[in-house]
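Chemist: My structure file model.cif, mmCIF, C-alpha atoms and all ligand atoms, is below:
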```cif
data_work
loop_
_atom_site.label_atom_id
_atom_site.label_comp_id
_atom_site.auth_asym_id
_atom_site.auth_seq_id
_atom_site.Cartn_x
_atom_site.Cartn_y
_atom_site.Cartn_z
CA MET A 1 0.00 0.00 0.00
CA PHE A 2 1.21 3.47 -0.88
CA LYS A 3 1.52 5.69 2.19
CA PRO A 4 2.52 9.32 1.93
CA PHE A 5 5.00 10.06 4.69
CA ALA A 6 5.79 13.68 3.97
CA GLY A 7 3.54 16.59 3.06
CA ALA A 8 4.19 19.60 0.88
CA SER A 9 3.45 23.19 1.56
CA LEU A 10 -0.26 23.66 0.97
CA LEU A 11 0.27 27.41 1.02
CA ALA A 12 2.70 27.26 -1.87
CA LEU A 13 0.30 25.12 -3.84
CA ALA A 14 -2.57 27.49 -3.15
CA ALA A 15 -0.44 30.41 -4.30
CA ALA A 16 0.48 28.60 -7.49
CA THR A 17 -3.12 27.88 -8.40
CA ALA A 18 -4.87 31.02 -7.13
CA GLN A 19 -4.48 33.06 -10.29
CA ALA A 20 -7.62 32.01 -12.15
CA ASP A 21 -7.97 32.48 -15.90
CA GLU A 22 -4.23 32.65 -16.28
CA ASP A 23 -1.76 30.74 -18.35
CA VAL A 24 -0.31 28.04 -16.15
CA THR A 25 2.70 25.89 -16.92
CA HIS A 26 3.13 23.21 -14.33
CA PHE A 27 5.33 20.14 -14.50
CA ARG A 28 5.44 17.57 -11.72
CA VAL A 29 8.23 14.99 -11.59
CA PHE A 30 7.96 11.49 -10.09
CA VAL A 31 11.24 9.72 -9.31
CA GLY A 32 11.71 6.15 -8.14
CA ASP A 33 14.75 5.28 -6.05
CA HIS A 34 17.04 2.50 -7.25
CA THR A 35 17.30 0.77 -3.87
CA ALA A 36 14.81 2.29 -1.42
CA ALA A 37 11.17 1.30 -1.97
CA GLN A 38 9.88 4.80 -2.53
CA VAL A 39 8.75 7.35 -5.09
CA THR A 40 9.50 11.05 -4.62
CA ALA A 41 7.32 13.62 -6.36
CA PHE A 42 8.11 17.33 -6.69
CA ASP A 43 7.00 20.33 -8.70
CA LEU A 44 9.68 21.28 -11.21
CA ALA A 45 9.39 25.06 -10.70
CA THR A 46 9.07 24.80 -6.91
CA PRO A 47 10.81 21.57 -5.89
CA GLU A 48 10.22 22.33 -2.20
CA ASN A 49 6.67 21.18 -2.99
CA ARG A 50 7.58 17.58 -2.39
CA TRP A 51 5.88 14.32 -1.50
CA GLN A 52 7.10 10.80 -0.83
CA PHE A 53 5.23 7.55 -1.33
CA ALA A 54 6.29 4.16 -0.04
CA THR A 55 6.29 1.28 -2.52
CA THR A 56 7.04 -2.42 -2.08
CA GLY A 57 10.16 -2.40 -4.28
CA GLN A 58 11.99 -0.59 -7.08
CA ALA A 59 9.45 1.05 -9.38
CA LYS A 60 9.37 1.82 -13.08
CA LEU A 61 7.05 4.81 -13.50
CA PHE A 62 4.52 5.42 -16.27
CA ALA A 63 2.28 8.48 -16.71
CA VAL A 64 -1.08 7.29 -18.10
CA ALA A 65 -4.60 8.69 -18.60
CA ASP A 66 -3.14 11.92 -20.07
CA GLY A 67 -0.85 12.26 -17.06
CA ALA A 68 -3.64 12.12 -14.46
CA VAL A 69 -2.29 8.82 -13.11
CA VAL A 70 1.22 7.57 -12.43
CA VAL A 71 1.66 3.79 -12.37
CA ALA A 72 4.54 2.33 -10.34
CA VAL A 73 5.33 -1.12 -11.77
CA GLN A 74 7.52 -3.10 -9.37
CA SER A 75 8.62 -6.18 -11.30
CA ASP A 76 10.86 -7.69 -8.62
CA ALA A 77 8.27 -7.09 -5.89
CA ASP A 78 5.21 -8.52 -7.75
CA ALA A 79 3.39 -5.24 -7.10
CA VAL A 80 1.80 -2.34 -8.98
CA HIS A 81 0.81 0.88 -7.24
CA PHE A 82 -1.15 3.83 -8.61
CA LEU A 83 -0.99 7.55 -7.81
CA HIS A 84 -3.21 10.42 -8.75
CA SER A 85 -0.59 12.80 -10.16
CA GLY A 86 -2.67 15.77 -9.02
CA ILE A 87 -2.36 17.36 -12.46
CA THR A 88 -5.20 17.00 -14.92
CA MET A 89 -5.24 18.39 -18.44
CA GLU A 90 -8.57 18.66 -20.23
CA SER A 91 -8.86 19.69 -23.86
CA HIS A 92 -11.26 22.54 -24.54
CA GLY A 93 -10.61 22.55 -28.27
CA ASP A 94 -8.51 25.66 -28.81
CA HIS A 95 -6.78 25.37 -25.43
CA SER A 96 -6.31 22.96 -22.57
CA ASP A 97 -7.42 23.50 -19.02
CA ILE A 98 -4.93 22.53 -16.36
CA LYS A 99 -5.88 21.76 -12.78
CA VAL A 100 -3.27 21.33 -10.08
CA ALA A 101 -3.88 19.52 -6.80
CA GLU A 102 -1.84 17.37 -4.42
CA PRO A 103 -0.74 13.94 -5.63
CA LYS A 104 -2.41 11.10 -3.78
CA ALA A 105 -1.98 7.35 -3.62
CA PHE A 106 -4.82 5.09 -4.68
CA ASP A 107 -6.19 2.81 -2.00
CA ALA A 108 -6.12 -0.10 -4.47
CA GLY A 109 -3.12 -1.62 -6.21
CA LEU A 110 -2.32 -4.89 -7.95
CA THR A 111 -0.41 -7.93 -6.82
CA ALA A 112 0.70 -10.13 -9.71
CA PRO A 113 3.53 -12.51 -10.74
CA ARG A 114 6.23 -10.24 -12.17
CA PRO A 115 4.36 -7.30 -13.72
CA PHE A 116 6.59 -5.77 -16.41
CA HIS A 117 5.72 -4.13 -19.73
CA LEU A 118 2.93 -1.55 -19.58
CA VAL A 119 1.09 -0.48 -22.74
CA ASP A 120 -1.04 2.70 -22.71
CA HIS A 121 -3.07 2.71 -25.93
CA ASP A 122 -6.57 3.46 -27.16
CA GLY A 123 -8.02 4.19 -23.72
CA LYS A 124 -6.60 1.04 -22.14
CA VAL A 125 -3.69 0.48 -19.78
CA VAL A 126 -2.41 -3.10 -20.07
CA ILE A 127 0.23 -4.66 -17.82
CA ASN A 128 1.83 -7.98 -18.80
CA HIS A 129 2.57 -10.32 -15.89
CA ASP A 130 5.61 -12.26 -17.06
CA LYS A 131 5.26 -15.18 -14.66
CA GLY A 132 1.46 -15.18 -14.58
CA GLY A 133 0.57 -16.05 -18.16
CA TYR A 134 -1.88 -13.16 -18.32
CA ALA A 135 -2.15 -9.41 -18.64
CA ASP A 136 -4.35 -7.05 -16.64
CA VAL A 137 -6.42 -4.71 -18.83
CA MET A 138 -7.66 -1.49 -17.25
CA ASP A 139 -9.71 1.40 -18.54
CA SER A 140 -7.80 4.72 -18.59
CA ALA A 141 -10.86 6.84 -17.79
CA ALA A 142 -11.71 4.59 -14.83
CA LEU A 143 -8.10 4.81 -13.58
CA ALA A 144 -8.30 8.60 -13.76
CA LYS A 145 -11.27 8.35 -11.38
CA GLY A 146 -9.29 6.13 -9.02
CA THR A 147 -10.94 2.85 -10.00
CA VAL A 148 -8.69 -0.20 -10.48
CA GLU A 149 -10.83 -2.96 -12.01
CA PRO A 150 -8.52 -5.13 -14.09
CA VAL A 151 -9.88 -7.63 -16.60
CA LYS A 152 -7.61 -10.62 -17.23
CA PHE A 153 -6.34 -11.34 -20.74
CA PRO A 154 -5.08 -14.97 -20.69
CA GLN A 155 -1.98 -16.12 -22.60
CA SER A 156 -1.10 -19.74 -23.44
CA VAL A 157 2.45 -19.50 -22.04
CA ALA A 158 3.75 -17.08 -19.38
CA HIS A 159 6.52 -14.92 -20.85
CA HIS A 160 8.18 -11.50 -20.95
CA GLY A 161 5.85 -9.89 -23.48
CA PHE A 162 3.08 -7.39 -24.01
CA VAL A 163 -0.61 -7.16 -24.83
CA THR A 164 -2.33 -4.24 -26.58
CA PRO A 165 -5.60 -3.31 -28.20
CA LEU A 166 -5.26 -2.54 -31.93
CA GLY A 167 -8.43 -1.50 -33.72
CA SER A 168 -11.04 -4.12 -32.88
CA ALA A 169 -8.41 -6.79 -32.10
CA TRP A 170 -6.19 -7.61 -29.17
CA LEU A 171 -2.58 -8.37 -29.97
CA SER A 172 -0.34 -10.42 -27.71
CA THR A 173 3.20 -11.64 -28.01
CA VAL A 174 3.40 -15.43 -28.17
CA ALA A 175 6.04 -17.66 -26.61
CA PRO A 176 6.73 -21.39 -27.16
CA PRO A 177 6.14 -23.80 -24.28
CA ALA A 178 8.94 -23.85 -21.70
CA PRO A 179 11.24 -26.91 -22.01
CA ALA A 180 10.21 -29.68 -19.60
CA ASP A 181 13.85 -30.21 -18.52
CA GLY A 182 14.03 -26.70 -17.07
CA SER A 183 16.57 -25.44 -19.63
CA ALA A 184 16.42 -21.88 -20.91
CA ALA A 185 13.21 -20.88 -22.66
CA PRO A 186 13.43 -20.59 -26.46
CA PRO A 187 12.93 -17.09 -27.91
CA ARG A 188 9.48 -15.57 -28.25
CA LEU A 189 7.77 -16.44 -31.55
CA GLY A 190 5.95 -13.29 -32.62
CA LEU A 191 2.69 -11.43 -32.44
CA GLN A 192 -0.88 -12.70 -32.85
CA ALA A 193 -4.44 -11.34 -32.78
CA PHE A 194 -6.84 -12.66 -30.17
CA ALA A 195 -10.35 -12.04 -28.92
CA ALA A 196 -10.55 -10.35 -25.53
CA ASP A 197 -10.89 -13.78 -23.88
CA GLY A 198 -7.59 -14.99 -25.36
CA THR A 199 -9.10 -17.07 -28.20
CA PRO A 200 -6.89 -16.82 -31.33
CA ALA A 201 -8.38 -14.54 -33.98
CA GLY A 202 -5.59 -14.62 -36.55
CA ASP A 203 -2.34 -16.29 -37.56
CA LEU A 204 0.97 -15.76 -35.81
CA ALA A 205 3.09 -12.99 -37.34
CA PRO A 206 6.64 -14.31 -36.84
CA CYS A 207 9.02 -11.93 -35.02
CA THR A 208 11.74 -13.88 -33.24
CA ALA A 209 12.47 -12.61 -29.70
CA ILE A 210 9.93 -9.80 -30.17
CA HIS A 211 10.55 -6.88 -27.76
CA GLY A 212 10.27 -3.10 -27.45
CA GLU A 213 6.75 -2.21 -28.57
CA ALA A 214 5.85 1.38 -29.43
CA PHE A 215 3.13 3.27 -31.29
CA SER A 216 3.30 6.05 -33.86
CA GLY A 217 0.54 7.20 -36.19
CA GLU A 218 -1.45 4.14 -37.26
CA TYR A 219 1.40 1.75 -36.50
CA LEU A 220 2.57 -0.52 -33.74
CA ALA A 221 6.20 -1.55 -34.13
CA ALA A 222 8.41 -4.02 -32.26
CA GLY A 223 11.95 -5.30 -32.70
CA CYS A 224 12.82 -8.87 -33.77
CA ARG A 225 15.96 -10.85 -34.70
CA GLU A 226 15.06 -10.52 -38.39
CA GLY A 227 13.90 -6.91 -38.49
CA VAL A 228 11.19 -4.62 -37.16
CA LEU A 229 7.62 -5.91 -37.29
CA THR A 230 4.88 -3.36 -37.90
CA ALA A 231 1.16 -3.87 -37.40
CA LYS A 232 -1.85 -1.69 -38.12
CA ALA A 233 -5.58 -2.21 -38.18
CA GLY A 234 -6.64 -3.15 -41.73
CA ALA A 235 -10.00 -3.55 -43.48
CA SER A 236 -10.05 -7.28 -42.73
CA GLY A 237 -8.00 -7.77 -39.60
CA VAL A 238 -4.47 -6.77 -38.68
CA ASP A 239 -1.99 -5.85 -41.44
CA TYR A 240 1.49 -7.04 -40.44
CA ARG A 241 4.64 -6.16 -42.26
CA MET A 242 8.17 -7.31 -41.46
CA LEU A 243 10.78 -4.68 -42.30
CA PRO A 244 14.03 -6.69 -42.53
CA TYR A 245 17.28 -5.02 -41.41
CA PRO A 246 18.91 -3.77 -44.61
CA ALA A 247 22.18 -5.33 -45.76
CA ASP A 248 24.08 -2.06 -45.31
CA LEU A 249 23.45 -2.04 -41.55
CA PRO A 250 26.02 -3.75 -39.29
CA ALA A 251 25.25 -7.48 -39.24
CA GLY A 252 24.31 -9.44 -36.16
CA VAL A 253 22.80 -6.58 -34.15
CA THR A 254 19.11 -5.97 -33.67
CA THR A 255 16.48 -3.54 -32.39
CA GLY A 256 14.96 -4.31 -28.99
CA THR A 257 13.64 -0.95 -27.82
CA LEU A 258 11.56 1.52 -29.82
CA LEU A 259 10.05 4.94 -29.08
CA GLY A 260 7.16 6.25 -31.18
CA SER A 261 6.81 9.88 -32.17
CA THR A 262 3.47 11.39 -31.24
CA ALA A 263 3.46 14.06 -33.96
CA MET A 264 5.11 12.29 -36.93
CA GLN A 265 4.72 8.70 -38.09
CA MET A 266 8.23 7.65 -37.10
CA PHE A 267 10.07 5.52 -34.58
CA LEU A 268 13.47 5.85 -32.95
CA GLY A 269 14.95 2.55 -31.84
CA ASN A 270 18.22 1.13 -30.70
CA HIS A 271 20.30 -0.90 -33.14
CA GLY A 272 22.76 -2.84 -31.09
CA PRO A 273 24.23 -1.25 -27.95
CA ASP A 274 25.96 1.64 -29.75
CA GLY A 275 23.57 2.54 -32.52
CA LEU A 276 20.18 4.12 -33.03
CA VAL A 277 17.90 3.63 -35.96
CA VAL A 278 15.17 5.91 -37.33
CA VAL A 279 12.35 3.67 -38.55
CA ASP A 280 9.78 4.92 -41.05
CA PRO A 281 7.04 2.26 -40.99
CA ALA A 282 5.42 3.35 -44.27
CA ASP A 283 8.01 4.78 -46.65
CA GLU A 284 11.50 3.89 -47.84
CA PRO A 285 14.09 3.99 -46.55
CA HIS A 286 12.59 2.18 -43.57
CA PHE A 287 15.89 2.25 -41.64
CA ARG A 288 18.44 5.00 -41.20
CA ARG A 289 21.17 4.20 -38.66
CA ILE A 290 22.99 6.64 -36.39
CA ALA A 291 26.29 5.35 -34.98
CA LEU A 292 26.97 6.46 -31.39
CA PRO A 293 30.50 7.04 -30.07
CA PHE A 294 29.77 4.95 -26.95
CA ARG A 295 27.09 2.57 -25.75
CA ARG A 296 23.61 3.99 -25.08
CA VAL A 297 22.41 4.50 -21.49
CA ASP A 298 18.93 5.91 -22.24
CA PHE A 299 17.11 7.82 -24.96
CA VAL A 300 13.93 9.89 -25.34
CA LEU A 301 11.88 11.67 -27.98
CA ASP A 302 10.91 15.33 -27.62
CA PRO A 303 7.10 15.61 -27.87
CA ALA A 304 7.39 19.40 -28.24
CA LYS A 305 9.75 19.09 -31.22
CA PRO A 306 8.84 15.83 -32.94
CA ALA A 307 11.91 15.74 -35.19
CA GLN A 308 14.14 15.79 -32.11
CA GLY A 309 15.39 13.13 -29.70
CA PHE A 310 18.13 12.81 -27.11
CA VAL A 311 20.45 9.98 -26.16
CA LEU A 312 22.84 9.70 -23.23
CA THR A 313 25.93 7.57 -23.82
CA GLU A 314 28.01 5.83 -21.16
CA ASP A 315 30.79 8.44 -21.27
CA GLY A 316 28.30 10.91 -19.71
CA THR A 317 27.61 12.80 -22.95
CA LEU A 318 24.12 13.83 -24.05
CA HIS A 319 23.52 13.93 -27.80
CA ARG A 320 20.70 15.67 -29.62
CA ILE A 321 19.34 13.61 -32.52
CA ASP A 322 17.69 15.00 -35.64
CA LEU A 323 15.30 12.26 -36.75
CA LEU A 324 14.72 13.74 -40.21
CA GLY A 325 18.42 13.89 -40.96
CA ALA A 326 19.21 10.75 -38.90
CA ALA A 327 22.19 12.57 -37.40
CA ILE A 328 23.67 13.81 -34.13
CA THR A 329 23.39 17.61 -34.15
CA ALA A 330 24.90 18.50 -30.74
CA SER A 331 26.79 16.73 -27.94
CA GLU A 332 27.64 17.95 -24.45
CA ARG A 333 29.08 16.28 -21.37
CA VAL A 334 26.30 16.34 -18.75
CA THR A 335 27.43 13.88 -16.06
CA ALA A 336 30.18 11.51 -15.00
CA ALA A 337 30.67 8.29 -16.94
CA TYR A 338 28.28 5.39 -16.27
CA SER A 339 29.69 2.23 -17.80
CA MET A 340 27.24 -0.12 -19.50
CA ASP A 341 29.33 -3.06 -18.29
CA GLY A 342 27.59 -4.86 -15.46
CA HIS A 343 23.92 -5.62 -14.84
CA TRP A 344 21.26 -3.97 -17.02
CA ASN A 345 19.49 -2.72 -13.89
CA ASP A 346 22.54 -1.14 -12.23
CA PRO A 347 21.87 2.47 -11.17
CA ARG A 348 22.38 4.63 -14.27
CA PRO A 349 20.71 7.86 -15.42
CA ARG A 350 17.27 7.93 -17.01
CA LEU A 351 15.86 10.73 -19.20
CA ALA A 352 12.45 12.42 -19.42
CA MET A 353 11.11 15.54 -21.12
CA ALA A 354 9.42 18.50 -19.42
CA GLY A 355 8.53 21.10 -22.06
CA ASP A 356 11.75 22.66 -23.34
CA GLU A 357 13.84 20.99 -20.64
CA LEU A 358 15.29 17.55 -20.48
CA LEU A 359 15.43 15.97 -17.01
CA MET A 360 18.02 13.37 -16.14
CA THR A 361 18.32 11.35 -12.95
CA ASP A 362 21.91 11.07 -11.76
CA PRO A 363 21.90 8.21 -9.24
CA ALA A 364 25.55 8.56 -8.19
CA ALA A 365 25.03 12.26 -7.43
CA GLY A 366 21.57 11.87 -5.82
CA LEU A 367 20.21 14.52 -8.19
CA VAL A 368 17.84 15.28 -10.98
CA ARG A 369 19.61 17.51 -13.53
CA ARG A 370 17.67 20.07 -15.58
CA ILE A 371 19.17 20.45 -19.05
CA SER A 372 18.24 22.94 -21.78
CA THR A 373 17.14 21.26 -25.02
CA THR A 374 18.36 24.35 -26.88
CA ASP A 375 22.06 24.20 -26.04
CA LEU A 376 22.31 21.15 -23.71
CA SER A 377 23.54 23.40 -20.89
CA GLU A 378 22.66 22.60 -17.28
CA LEU A 379 19.87 24.87 -16.01
CA GLY A 380 20.04 23.61 -12.45
CA THR A 381 19.90 20.54 -10.24
CA ILE A 382 17.34 19.24 -7.78
CA ALA A 383 18.65 17.25 -4.84
CA VAL A 384 16.53 14.15 -4.32
CA GLY A 385 18.83 12.04 -2.17
CA GLY A 386 19.32 8.29 -2.34
CA GLN A 387 19.78 6.97 -5.86
CA PRO A 388 17.25 8.68 -8.16
CA TYR A 389 16.59 6.24 -11.01
CA ASN A 390 13.39 5.83 -13.06
CA LEU A 391 11.31 8.95 -13.59
CA THR A 392 8.23 10.26 -15.32
CA VAL A 393 6.88 13.78 -15.79
CA VAL A 394 3.27 14.98 -15.93
CA GLY A 395 1.79 18.37 -16.68
CA GLY A 396 2.23 21.01 -19.32
CA SER A 397 0.69 24.36 -20.17
CA GLY A 398 -2.94 25.34 -20.03
CA LEU A 399 -5.51 27.75 -18.70
CA ASP A 400 -6.82 27.70 -15.18
CA HIS A 401 -10.33 29.15 -15.35
ZN ZN B 501 -11.05 26.05 -20.81
ZN ZN B 502 11.22 -5.96 -21.69
#
```
Show me, as structure tokens, the structure contained in the file I just sent.

Modeler:
Amino acid sequence: MFKPFAGASLLALAAATAQADEDVTHFRVFVGDHTAAQVTAFDLATPENRWQFATTGQAKLFAVADGAVVVAVQSDADAVHFLHSGITMESHGDHSDIKVAEPKAFDAGLTAPRPFHLVDHDGKVVINHDKGGYADVMDSAALAKGTVEPVKFPQSVAHHGFVTPLGSAWLSTVAPPAPADGSAAPPRLGLQAFAADGTPAGDLAPCTAIHGEAFSGEYLAAGCREGVLTAKAGASGVDYRMLPYPADLPAGVTTGTLLGSTAMQMFLGNHGPDGLVVVDPADEPHFRRIALPFRRVDFVLDPAKPAQGFVLTEDGTLHRIDLLGAAITASERVTAAYSMDGHWNDPRPRLAMAGDELLMTDPAAGLVRRISTTDLSELGTIAVGGQPYNLTVVGGSGLDH
């Protein structure tokens, strides 16, 4: 159960929200600690407005329901907790209304066997339970109201995968049965359409070791050994298309993580540990690779400038990526080196966007760094303490009236 154990200044909050009918820009940052079972939230402009929430274990954080809800997925602790972010954005057509209140933990959470990938698509939030052989499907609008009423989507074999709605279908990754002798599981097989009760509704689309789902425009994309698989809702079911890695890309490396642009139909993925690839799901060339000088620590897309992304490499350098040109356009040292040798889950920085700033956790320094997207200069730091690790940001600009 989430329990707030520190309060923020109500006066400061009241002051920030008292000016009715005014332009309000308000970003709130949620940071999970690497080791301590807790999430710290603070307002970016006034970080003394701060809250802490106890979790069961280390949390990966996802902003869902247009940022009204933050989901804390705790894979190693078999737990999922939910928070009202306190910031709601409502579209009024020509402008958005923003309302700011205190963040608050839900009373209800989930307990499940190794919750992992979370998909937020088409009004549904779906969490795959890797050791449960099912996913929990929740309604975004209900979550925004504080209601957690998951519906189970059953899978034939428990595996590290994902489930998502796509048009009128449900898509799930498919894994082969685990070997009876207890040896390592063979790679995942691909993607398949199902009815909501888990009954197959289409043929398997092969995509060996499928991983790293993302959405952009009409497309879902995921990485495979043989290429990137795309899927979109067609006139008669799901249209799949395998985009094989071109021969002029380095051989033997693959894409396993993708980010989807919200304003252009385009994906940015990894290609091996020291490469990125811009993937156009519709038009040639489908792949344009960007070689990085060192291995990648984390990368993000800039929702405010859709042709722009950022990647941090293990030498502590942040690079700005131009997706249209598939090129690095600026590089600046922003932190100490964080070697990618060692465990994948060792404490290393994570990136998130907040308007025209990029935020980066710096676990070794106990900080969140604020970095200008214009010139990659440091705008300031926010001391969080502990080992700040995963983060998510909610909020934006709107009218309060
Ligand atoms: Zn309005
Ligand atoms: Zn994964």

Chemist: Compile a residue-level contact table for region 239-294 of chain A against region 300-312 of chain A at a cut-off of 8 Å, reporting for every qualifying residue the shortest atom pair and its distance in Å to one decimal, with all atoms listed in the file counted, rows ordered by chain and ascending number, as JSON lines.

Modeler:
```
{"residue": "A:Leu259", "atom": "CA", "partner": "A:Leu301", "partner_atom": "CA", "distance": 7.1}
{"residue": "A:Gly260", "atom": "CA", "partner": "A:Leu301", "partner_atom": "CA", "distance": 7.9}
{"residue": "A:Ser261", "atom": "CA", "partner": "A:Pro306", "partner_atom": "CA", "distance": 6.3}
{"residue": "A:Thr262", "atom": "CA", "partner": "A:Pro303", "partner_atom": "CA", "distance": 6.5}
{"residue": "A:Ala263", "atom": "CA", "partner": "A:Pro306", "partner_atom": "CA", "distance": 5.8}
{"residue": "A:Met264", "atom": "CA", "partner": "A:Pro306", "partner_atom": "CA", "distance": 6.5}
{"residue": "A:Leu268", "atom": "CA", "partner": "A:Leu301", "partner_atom": "CA", "distance": 7.8}
```

Chemist: Name all residues at most 9 Å from region 115-122 of chain A (count only C-alpha atoms; drop same-chain ones fewer than 5 positions away) and give them as a ChimeraX atom specification.

Modeler: /A:60,62-65,73-80,127-132,135,140,160-167,213-215

Chemist: How would the residues just chosen look if you wrote them out with C-alpha atoms as a CSV table (one decimal), keeping the file's coordinate frame?

Modeler:
```csv
chain,number,residue,atom,x,y,z
A,60,LYS,CA,9.4,1.8,-13.1
A,62,PHE,CA,4.5,5.4,-16.3
A,63,ALA,CA,2.3,8.5,-16.7
A,64,VAL,CA,-1.1,7.3,-18.1
A,65,ALA,CA,-4.6,8.7,-18.6
A,73,VAL,CA,5.3,-1.1,-11.8
A,74,GLN,CA,7.5,-3.1,-9.4
A,75,SER,CA,8.6,-6.2,-11.3
A,76,ASP,CA,10.9,-7.7,-8.6
A,77,ALA,CA,8.3,-7.1,-5.9
A,78,ASP,CA,5.2,-8.5,-7.8
A,79,ALA,CA,3.4,-5.2,-7.1
A,80,VAL,CA,1.8,-2.3,-9.0
A,127,ILE,CA,0.2,-4.7,-17.8
A,128,ASN,CA,1.8,-8.0,-18.8
A,129,HIS,CA,2.6,-10.3,-15.9
A,130,ASP,CA,5.6,-12.3,-17.1
A,131,LYS,CA,5.3,-15.2,-14.7
A,132,GLY,CA,1.5,-15.2,-14.6
A,135,ALA,CA,-2.2,-9.4,-18.6
A,140,SER,CA,-7.8,4.7,-18.6
A,160,HIS,CA,8.2,-11.5,-21.0
A,161,GLY,CA,5.8,-9.9,-23.5
A,162,PHE,CA,3.1,-7.4,-24.0
A,163,VAL,CA,-0.6,-7.2,-24.8
A,164,THR,CA,-2.3,-4.2,-26.6
A,165,PRO,CA,-5.6,-3.3,-28.2
A,166,LEU,CA,-5.3,-2.5,-31.9
A,167,GLY,CA,-8.4,-1.5,-33.7
A,213,GLU,CA,6.8,-2.2,-28.6
A,214,ALA,CA,5.8,1.4,-29.4
A,215,PHE,CA,3.1,3.3,-31.3
```

Chemist: Would you mind listing the residues within 8 Å of ligand ZN 501 (chain B), counting only C-alpha atoms and all ligand atoms, as a ChimeraX atom specification?

Modeler: /A:90-92,95-97,399-401

Chemist: Between A:Trp344, A:Phe82, A:Phe267, A:Phe194, which one has atoms that come closest to Lys145 (chain A), using all atoms listed in the file?

Modeler: A:Phe82

Chemist: Nearest to Asp248 (chain A) among A:Pro285, A:Cys224, A:Asn345, A:Pro154, with distances taken over only C-alpha atoms: which residue is it?

Modeler: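 Under the stated criterion, the closest residue is A:Pro285.
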
Chemist: Could you pull the residues within 8 Å of Gly212 (chain A), counting all atoms listed in the file, minus those fewer than 2 positions along the same chain, as a ChimeraX atom specification?

Modeler: /A:210,214,221-223,255-258

Chemist: For CA of Ala175 (chain A) and CA of Pro273 (chain A), determine how far apart the two atoms are, in Å to one decimal place.

Modeler: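 If I compute the distance from CA of Ala175 (chain A) to CA of Pro273 (chain A), I get 24.5 Å.
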
Chemist: Report the distance between CA of Phe153 (chain A) and CA of Ala233 (chain A) in Å, rounded to one decimal place.

Modeler: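 According to the coordinates, CA of Phe153 (chain A) and CA of Ala233 (chain A) are separated by 19.7 Å.
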
Chemist: What separation in Å, quoted to one decimal, exists between CA of Leu249 (chain A) and CA of Pro293 (chain A)?

Modeler: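 Pair CA of Leu249 (chain A) / CA of Pro293 (chain A) returns 16.2 Å.
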
Chemist: Give the answer as one residue: which of A:Arg241, A:Lys152, A:Leu143, A:Ile87 has the shortest atom-to-atom distance to Ala112 (chain A), using only C-alpha atoms?

Modeler: A:Lys152

Chemist: Looking at A:Ile371, A:Ala209, A:Val279, A:Ala101, which one is nearest to ligand ZN 502 (chain B), with distances taken over only C-alpha atoms and all ligand atoms?

Modeler: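 Distance minimum relative to ligand ZN 502 (chain B) lands on A:Ala209.
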
Chemist: Could I see region 74-81 of chain A restored to N, CA, C and O atoms, set down as a CSV table (one decimal), in the frame of the given file?

Modeler:
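Contents of rebuild-v2.csv, freshly written:
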```
chain,number,residue,atom,x,y,z
A,74,GLN,N,6.4,-2.6,-10.2
A,74,GLN,CA,7.5,-3.1,-9.4
A,74,GLN,C,7.7,-4.6,-9.7
A,74,GLN,O,7.2,-5.5,-9.0
A,75,SER,N,8.5,-4.8,-10.8
A,75,SER,CA,8.6,-6.2,-11.3
A,75,SER,C,9.2,-7.2,-10.3
A,75,SER,O,8.7,-8.3,-10.2
A,76,ASP,N,10.2,-6.8,-9.6
A,76,ASP,CA,10.9,-7.7,-8.6
A,76,ASP,C,10.1,-7.9,-7.3
A,76,ASP,O,10.4,-8.7,-6.5
A,77,ALA,N,9.0,-7.0,-7.1
A,77,ALA,CA,8.3,-7.1,-5.9
A,77,ALA,C,6.8,-7.6,-6.1
A,77,ALA,O,6.0,-7.6,-5.2
A,78,ASP,N,6.5,-8.0,-7.4
A,78,ASP,CA,5.2,-8.5,-7.8
A,78,ASP,C,4.1,-7.5,-7.4
A,78,ASP,O,3.0,-8.0,-6.9
A,79,ALA,N,4.4,-6.2,-7.5
A,79,ALA,CA,3.4,-5.2,-7.1
A,79,ALA,C,3.3,-4.1,-8.1
A,79,ALA,O,4.2,-3.8,-8.9
A,80,VAL,N,2.1,-3.5,-8.2
A,80,VAL,CA,1.8,-2.3,-9.0
A,80,VAL,C,1.0,-1.4,-8.1
A,80,VAL,O,0.0,-1.8,-7.5
A,81,HIS,N,1.5,-0.1,-8.0
A,81,HIS,CA,0.8,0.9,-7.2
A,81,HIS,C,0.4,2.0,-8.2
A,81,HIS,O,1.0,2.2,-9.2
```
